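Next up, work-v2.txt (compact mmCIF, C-alpha atoms):
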```txt
# COMPACT_ATOMS: atom_id res chain seq x y z
CA MET A 152 -7.14 -19.29 -17.60
CA ASN A 153 -10.44 -20.35 -16.07
CA ILE A 154 -11.98 -17.01 -17.04
CA LEU A 155 -10.64 -17.33 -20.58
CA SER A 156 -12.12 -20.80 -20.92
CA LYS A 157 -15.50 -19.48 -19.75
CA LEU A 158 -15.33 -16.59 -22.19
CA TYR A 159 -14.51 -19.03 -24.96
CA ALA A 160 -17.44 -21.26 -23.98
CA TYR A 161 -20.02 -18.50 -23.60
CA LEU A 162 -18.94 -16.14 -26.38
CA TYR A 163 -17.71 -18.52 -29.06
CA LEU A 164 -19.12 -22.01 -28.47
CA ARG A 165 -22.45 -21.00 -26.92
CA GLY A 166 -22.64 -17.66 -28.72
CA PHE A 167 -21.15 -16.97 -32.14
CA ARG A 168 -20.78 -20.60 -33.20
CA VAL A 169 -24.44 -21.35 -32.52
CA TRP A 170 -25.52 -18.02 -34.01
CA PHE A 171 -23.57 -18.53 -37.26
CA SER A 172 -24.80 -22.11 -37.58
CA TYR A 173 -28.27 -20.72 -38.29
CA ARG A 174 -27.29 -18.73 -41.37
CA THR A 175 -30.80 -17.62 -42.28
CA GLN A 176 -31.35 -16.21 -38.81
CA ALA A 177 -27.93 -14.54 -38.88
CA VAL A 178 -28.77 -12.83 -42.19
CA LEU A 179 -32.17 -11.72 -40.88
CA THR A 180 -30.52 -10.36 -37.75
CA LEU A 181 -28.07 -8.38 -39.88
CA LEU A 182 -30.97 -6.98 -41.89
CA SER A 183 -32.78 -6.04 -38.69
CA TRP A 184 -29.77 -3.88 -37.82
CA VAL A 185 -29.49 -2.16 -41.19
CA LEU A 186 -33.06 -1.69 -42.43
CA PRO A 187 -34.23 0.64 -39.62
CA VAL A 188 -31.40 3.02 -40.52
CA PHE A 189 -32.72 3.37 -44.07
CA THR A 190 -36.32 3.50 -42.81
CA TYR A 191 -35.62 6.54 -40.66
CA TYR A 192 -33.36 8.03 -43.30
CA PHE A 193 -35.90 7.95 -46.13
CA THR A 194 -39.11 8.57 -44.18
CA GLY A 195 -37.89 10.85 -41.42
CA THR A 196 -35.11 13.04 -42.79
CA ALA A 197 -37.33 15.83 -44.14
CA LEU A 198 -39.37 16.20 -40.97
CA GLY A 199 -36.53 15.10 -38.71
CA ASP A 200 -34.08 17.78 -39.84
CA SER A 201 -36.69 20.44 -39.19
CA LEU A 202 -37.43 19.02 -35.75
CA VAL A 203 -33.88 18.62 -34.49
CA SER A 204 -32.75 21.95 -35.92
CA LYS A 205 -35.52 23.74 -33.98
CA LEU A 206 -34.46 21.91 -30.84
CA GLY A 207 -30.75 22.46 -31.42
CA ALA A 208 -29.98 18.75 -31.87
CA GLY A 209 -28.06 19.02 -35.14
CA ASN A 210 -28.40 16.78 -38.19
CA TYR A 211 -31.22 14.25 -37.96
CA THR A 212 -29.41 11.41 -39.74
CA ALA A 213 -26.47 11.69 -37.35
CA PHE A 214 -28.91 11.96 -34.44
CA PHE A 215 -30.81 8.73 -35.10
CA VAL A 216 -27.75 6.75 -36.27
CA ILE A 217 -26.11 7.21 -32.85
CA GLY A 218 -29.42 6.41 -31.18
CA LEU A 219 -30.02 3.18 -33.11
CA ALA A 220 -26.40 2.05 -32.79
CA PHE A 221 -26.33 2.15 -29.01
CA GLN A 222 -29.97 1.55 -28.13
CA GLY A 223 -29.39 -2.08 -29.08
CA TYR A 224 -27.00 -2.45 -26.15
CA VAL A 225 -29.85 -1.79 -23.75
CA ALA A 226 -32.68 -3.69 -25.42
CA SER A 227 -30.67 -6.78 -26.29
CA THR A 228 -28.69 -6.94 -23.06
CA ILE A 229 -31.87 -6.96 -21.02
CA THR A 230 -33.70 -9.46 -23.21
CA THR A 231 -30.66 -11.72 -23.75
CA ALA A 232 -30.34 -12.58 -20.06
CA SER A 233 -34.01 -13.45 -19.64
CA GLN A 234 -34.20 -15.34 -22.95
CA ARG A 235 -31.13 -17.40 -22.12
CA LEU A 236 -32.57 -18.29 -18.72
CA ARG A 237 -35.84 -19.24 -20.35
CA ASN A 238 -34.12 -21.36 -23.00
CA GLU A 239 -32.03 -23.21 -20.44
CA GLN A 240 -35.19 -23.95 -18.47
CA LEU A 241 -36.78 -25.42 -21.60
CA TYR A 242 -33.65 -27.44 -22.43
CA GLY A 243 -33.46 -28.74 -18.87
CA THR A 244 -29.91 -27.47 -18.43
CA ILE A 245 -30.48 -24.46 -16.17
CA GLU A 246 -29.45 -26.32 -13.02
CA TYR A 247 -26.08 -27.30 -14.55
CA TYR A 248 -25.31 -23.63 -15.17
CA VAL A 249 -26.52 -21.91 -12.04
CA LEU A 250 -25.52 -24.66 -9.59
CA ALA A 251 -22.01 -24.94 -11.04
CA PRO A 252 -19.07 -23.69 -8.92
CA SER A 253 -19.11 -20.40 -10.81
CA GLY A 254 -22.61 -19.74 -9.43
CA ALA A 255 -25.86 -18.17 -10.60
CA LEU A 256 -24.42 -14.66 -10.85
CA SER A 257 -21.59 -15.87 -13.08
CA PHE A 258 -24.17 -17.34 -15.48
CA LEU A 259 -25.83 -13.94 -15.75
CA ILE A 260 -22.54 -12.08 -16.30
CA TYR A 261 -21.23 -14.38 -19.02
CA THR A 262 -24.63 -14.44 -20.72
CA MET A 263 -24.63 -10.65 -20.86
CA LEU A 264 -21.14 -10.67 -22.35
CA TRP A 265 -22.59 -12.50 -25.36
CA GLY A 266 -25.21 -9.75 -25.70
CA LEU A 267 -22.43 -7.16 -25.46
CA ALA A 268 -20.37 -8.89 -28.16
CA LEU A 269 -23.31 -9.24 -30.56
CA ASN A 270 -24.46 -5.68 -30.06
CA SER A 271 -20.96 -4.30 -30.47
CA LEU A 272 -21.06 -5.88 -33.92
CA SER A 273 -24.52 -4.37 -34.46
CA ALA A 274 -23.30 -0.90 -33.41
CA ILE A 275 -20.31 -1.09 -35.75
CA VAL A 276 -22.53 -2.10 -38.70
CA ILE A 277 -25.00 0.75 -38.02
CA LEU A 278 -22.20 3.31 -37.63
CA ILE A 279 -20.68 2.16 -40.93
CA VAL A 280 -24.05 2.50 -42.67
CA GLY A 281 -24.40 5.94 -41.10
CA ARG A 282 -20.98 6.93 -42.45
CA ALA A 283 -22.12 5.84 -45.92
CA LEU A 284 -25.15 8.13 -45.49
CA GLY A 285 -22.88 11.09 -44.77
CA VAL A 286 -22.51 11.05 -40.99
CA THR A 287 -19.08 12.27 -39.84
CA TYR A 288 -17.56 11.01 -36.59
CA THR A 289 -14.78 12.55 -34.55
CA LEU A 290 -12.03 10.39 -33.05
CA SER A 291 -11.15 12.90 -30.35
CA GLY A 292 -14.15 11.83 -28.27
CA THR A 293 -13.52 8.08 -28.53
CA LEU A 294 -12.25 7.57 -24.97
CA VAL A 295 -15.17 9.46 -23.48
CA ALA A 296 -17.56 7.46 -25.67
CA LEU A 297 -16.03 4.17 -24.46
CA LEU A 298 -16.49 5.28 -20.86
CA LEU A 299 -20.15 6.12 -21.50
CA ILE A 300 -20.72 2.75 -23.20
CA PHE A 301 -19.15 1.00 -20.22
CA LEU A 302 -21.42 2.86 -17.80
CA LEU A 303 -24.43 2.15 -20.02
CA MET A 304 -23.60 -1.56 -19.94
CA LEU A 305 -23.26 -1.54 -16.15
CA SER A 306 -26.61 0.17 -15.68
CA SER A 307 -28.16 -2.27 -18.16
CA PHE A 308 -26.67 -5.13 -16.15
CA GLY A 309 -28.72 -4.10 -13.13
CA ILE A 310 -31.95 -3.98 -15.14
CA ALA A 311 -31.10 -7.27 -16.89
CA ALA A 312 -30.55 -8.92 -13.51
CA ILE A 313 -34.03 -7.84 -12.39
CA SER A 314 -35.42 -9.08 -15.72
CA GLY A 315 -33.72 -12.46 -15.23
CA ALA A 316 -35.07 -12.65 -11.69
CA VAL A 317 -38.62 -12.20 -12.97
CA VAL A 318 -38.21 -15.05 -15.47
CA MET A 319 -36.68 -17.30 -12.83
CA VAL A 320 -39.80 -16.88 -10.69
CA THR A 321 -42.65 -16.42 -13.19
CA LYS A 322 -41.22 -18.70 -15.98
CA GLN A 323 -43.27 -16.96 -18.70
CA GLY A 324 -43.97 -13.29 -19.23
CA ASN A 325 -41.36 -10.63 -18.56
CA PRO A 326 -42.83 -7.16 -17.97
CA ILE A 327 -39.41 -5.69 -17.11
CA ALA A 328 -37.89 -6.52 -20.52
CA PHE A 329 -41.07 -5.62 -22.41
CA PHE A 330 -41.77 -2.25 -20.82
CA TYR A 331 -38.17 -1.12 -20.44
CA SER A 332 -37.28 -1.92 -24.05
CA THR A 333 -40.43 -0.15 -25.24
CA PHE A 334 -39.97 2.93 -23.07
CA SER A 335 -36.26 3.22 -23.79
CA THR A 336 -36.95 3.25 -27.53
CA LEU A 337 -39.84 5.67 -27.28
CA MET A 338 -38.53 8.06 -24.63
CA GLY A 339 -34.80 7.32 -24.42
CA ASN A 340 -33.53 10.03 -26.81
CA VAL A 341 -33.13 7.41 -29.58
CA VAL A 342 -34.86 8.67 -32.74
CA PHE A 343 -36.09 12.09 -31.62
CA PRO A 344 -34.87 14.57 -28.99
CA VAL A 345 -36.26 14.38 -25.47
CA ALA A 346 -37.19 18.05 -25.80
CA ALA A 347 -39.83 17.03 -28.38
CA LEU A 348 -41.73 15.01 -25.76
CA PRO A 349 -44.61 16.39 -23.71
CA TYR A 350 -43.50 17.62 -20.32
CA TYR A 351 -44.75 14.63 -18.29
CA LEU A 352 -43.12 12.13 -20.67
CA ARG A 353 -39.93 14.15 -20.60
CA LEU A 354 -39.79 13.62 -16.84
CA VAL A 355 -40.04 9.86 -17.37
CA SER A 356 -37.22 9.95 -19.91
CA TYR A 357 -34.89 11.50 -17.33
CA PHE A 358 -35.11 8.25 -15.33
CA ILE A 359 -33.88 6.17 -18.29
CA PRO A 360 -30.07 5.74 -18.34
CA LEU A 361 -30.06 5.54 -22.15
CA THR A 362 -31.28 9.15 -22.37
CA TRP A 363 -28.13 10.49 -20.72
CA ALA A 364 -25.77 8.01 -22.35
CA LEU A 365 -26.94 8.94 -25.86
CA GLN A 366 -26.70 12.63 -25.07
CA GLY A 367 -23.07 12.17 -24.07
CA LEU A 368 -22.29 9.79 -26.94
CA ARG A 369 -23.57 12.28 -29.51
CA GLY A 370 -21.46 15.00 -27.98
CA ALA A 371 -18.36 12.79 -27.99
CA LEU A 372 -18.71 11.05 -31.36
CA LEU A 373 -20.28 13.83 -33.43
CA TYR A 374 -18.78 16.99 -31.91
CA GLY A 375 -15.59 15.75 -30.25
CA GLN A 376 -16.58 16.97 -26.80
CA GLY A 377 -14.17 15.99 -24.04
CA PHE A 378 -14.54 14.75 -20.50
CA SER A 379 -15.25 18.15 -18.97
CA ALA A 380 -18.09 18.94 -21.39
CA ILE A 381 -19.78 15.56 -20.90
CA PHE A 382 -19.05 15.24 -17.18
CA PRO A 383 -22.70 15.97 -16.16
CA ASP A 384 -23.89 13.01 -18.28
CA ILE A 385 -21.13 10.80 -16.85
CA LEU A 386 -22.05 11.80 -13.30
CA ILE A 387 -25.71 10.94 -13.85
CA MET A 388 -24.73 7.58 -15.36
CA LEU A 389 -22.58 6.86 -12.29
CA VAL A 390 -25.64 7.45 -10.10
CA PHE A 391 -27.66 4.99 -12.18
CA VAL A 392 -24.86 2.41 -11.88
CA ALA A 393 -24.57 2.91 -8.11
CA VAL A 394 -28.30 2.25 -7.69
CA LEU A 395 -29.10 -0.36 -10.36
CA VAL A 396 -26.13 -2.75 -10.06
CA PRO A 397 -26.52 -3.52 -6.32
CA LEU A 398 -30.32 -3.58 -6.62
CA GLY A 399 -30.31 -5.90 -9.65
CA THR A 400 -27.74 -8.24 -8.08
CA PHE A 401 -29.74 -8.47 -4.85
CA VAL A 402 -33.05 -9.16 -6.62
CA TYR A 403 -31.49 -11.76 -8.93
CA ILE A 404 -29.83 -13.71 -6.10
CA GLU A 405 -33.00 -13.56 -4.00
CA ALA A 406 -35.08 -14.89 -6.92
CA PHE A 407 -32.56 -17.69 -7.48
CA ASN A 408 -32.64 -18.67 -3.81
CA LYS A 409 -36.44 -18.61 -3.78
CA ALA A 410 -36.68 -20.81 -6.89
CA ARG A 411 -34.17 -23.24 -5.41
CA ARG A 412 -36.03 -23.40 -2.08
CA ASP A 413 -39.35 -23.94 -3.84
CA GLY A 414 -37.84 -26.59 -6.14
CA THR A 415 -38.99 -24.69 -9.23
CA LEU A 416 -35.60 -23.68 -10.65
CA SER A 417 -35.81 -25.96 -13.70
CA GLN A 418 -39.56 -25.77 -14.17
CA TYR A 419 -40.89 -24.03 -17.25
```
As structure tokens:
Amino acid sequence: MNILSKLYAYLYLRGFRVWFSYRTQAVLTLLSWVLPVFTYYFTGTALGDSLVSKLGAGNYTAFFVIGLAFQGYVASTITTASQRLRNEQLYGTIEYYVLAPSGALSFLIYTMLWGLALNSLSAIVILIVGRALGVTYTLSGTLVALLLIFLLMLSSFGIAAISGAVVMVTKQGNPIAFFYSTFSTLMGNVVFPVAALPYYLRLVSYFIPLTWALQGLRGALLYGQGFSAIFPDILIMLVFVAVLVPLGTFVYIEAFNKARRDGTLSQY
């Protein structure tokens, strides 16, 4: 019951209720989900179809719709944690959250759940728009897709924890969120295939979890590929999770302890 009450507080009271209370911002957020789909559709389809067909990536509209739908999980999850920490510092309420019995790590987890909820809505909207533009999805790969999304969220949790740690110490400026969001969009297999990148950039893309998650998600949702076909992508995602989750948790807790020792936890 305690967990349910926290979910209610973080997701509904602190999340959706506040978000919907600012209707203009909610509408603009919805538009920010939809407009990029049409931007890539109208400006990139002619060149995009030629590019992905040469690289064996299939239909360009289907390619970028999957990329845009699930790239938001990474970008928003990482920025949500750091932004929420920053906001609570400004409001003067950060100490109430992180020094509560649930602890600093609990604050990070429940904050990320709000990012997950909002971006699940974003992904659904983008996939619906993609369906209206002619993209066909297969239900046979749904379970594999859900597993890949779960692993993507876990790997993003580790990076978000590091991002939150930076904000807790530096207060302003977050190079982790800025550079990771930028690189994941540019080189994460989102709007053009990794094979289109120069060789040295392609090597960088292989160290981005989103690259492998999107490759597996396209196989599952567009072509109905099963667990055995996507197992290599799942295995690589498991490696990312095994490295990033413990690392992010350690860095976040260390940054919290340092800020508390220095007496700078609530400073902004």
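Near range 267-281 of chain A, within 6 Å and counting all atoms listed in the file, sit Val216, Ala220 and Tyr224 of chain A, not including residues fewer than 6 positions from it in the same chain.
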Can you tell me which residues surround Thr336 in chain A at a distance of at most 10 Å, considering only C-alpha atoms, apart from same-chain residues fewer than 5 positions away, and format the answer as number ranges by chain? A: 218-219, 222-223, 225-226, 330-331, 341-343, 361-362
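Excluding Leu298 in chain A and any residue on its chain fewer than 3 positions from it, the residues at most 12 Å away by all atoms listed in the file are A:Gly292, A:Thr293, A:Leu294, A:Val295, A:Phe301, A:Leu302, A:Leu303, A:Met304, A:Leu305, A:Ala364, A:Gly367, A:Leu368, A:Ala371, A:Gly377, A:Phe378, A:Ile381, A:Phe382, A:Asp384, A:Ile385, A:Leu386, A:Met388, A:Leu389.
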Could those residues be written to a file, using C-alpha atoms, as a PDB file, keeping the file's coordinate frame?
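Writing done, so here's again_30.pdb:
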```
ATOM      1  CA  GLY A 292     -14.150  11.830 -28.270  1.00  0.00           C
ATOM      2  CA  THR A 293     -13.520   8.080 -28.530  1.00  0.00           C
ATOM      3  CA  LEU A 294     -12.250   7.570 -24.970  1.00  0.00           C
ATOM      4  CA  VAL A 295     -15.170   9.460 -23.480  1.00  0.00           C
ATOM      5  CA  PHE A 301     -19.150   1.000 -20.220  1.00  0.00           C
ATOM      6  CA  LEU A 302     -21.420   2.860 -17.800  1.00  0.00           C
ATOM      7  CA  LEU A 303     -24.430   2.150 -20.020  1.00  0.00           C
ATOM      8  CA  MET A 304     -23.600  -1.560 -19.940  1.00  0.00           C
ATOM      9  CA  LEU A 305     -23.260  -1.540 -16.150  1.00  0.00           C
ATOM     10  CA  ALA A 364     -25.770   8.010 -22.350  1.00  0.00           C
ATOM     11  CA  GLY A 367     -23.070  12.170 -24.070  1.00  0.00           C
ATOM     12  CA  LEU A 368     -22.290   9.790 -26.940  1.00  0.00           C
ATOM     13  CA  ALA A 371     -18.360  12.790 -27.990  1.00  0.00           C
ATOM     14  CA  GLY A 377     -14.170  15.990 -24.040  1.00  0.00           C
ATOM     15  CA  PHE A 378     -14.540  14.750 -20.500  1.00  0.00           C
ATOM     16  CA  ILE A 381     -19.780  15.560 -20.900  1.00  0.00           C
ATOM     17  CA  PHE A 382     -19.050  15.240 -17.180  1.00  0.00           C
ATOM     18  CA  ASP A 384     -23.890  13.010 -18.280  1.00  0.00           C
ATOM     19  CA  ILE A 385     -21.130  10.800 -16.850  1.00  0.00           C
ATOM     20  CA  LEU A 386     -22.050  11.800 -13.300  1.00  0.00           C
ATOM     21  CA  MET A 388     -24.730   7.580 -15.360  1.00  0.00           C
ATOM     22  CA  LEU A 389     -22.580   6.860 -12.290  1.00  0.00           C
TER      23      LEU A 389
END
```
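If you measure from each of A:Phe221, A:Phe407, A:Phe189, A:Trp265 to Ser335 in chain A using only C-alpha atoms, the closest one turns out to be A:Phe221.
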Top pick for closest residue to Phe215 in chain A, considering A:Val188, A:Leu337, A:Ile229, A:Leu354 and counting all atoms listed in the file: A:Val188
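Taking CA of Gly399 in chain A as the reference point, CA of Ala312 in chain A is found at 4.9 Å.
In this comparison, which uses all atoms listed in the file, the residue of A:Ser306, A:Gln376, A:Asn408, A:Thr287 approaching Ala213 in chain A most closely is A:Thr287.
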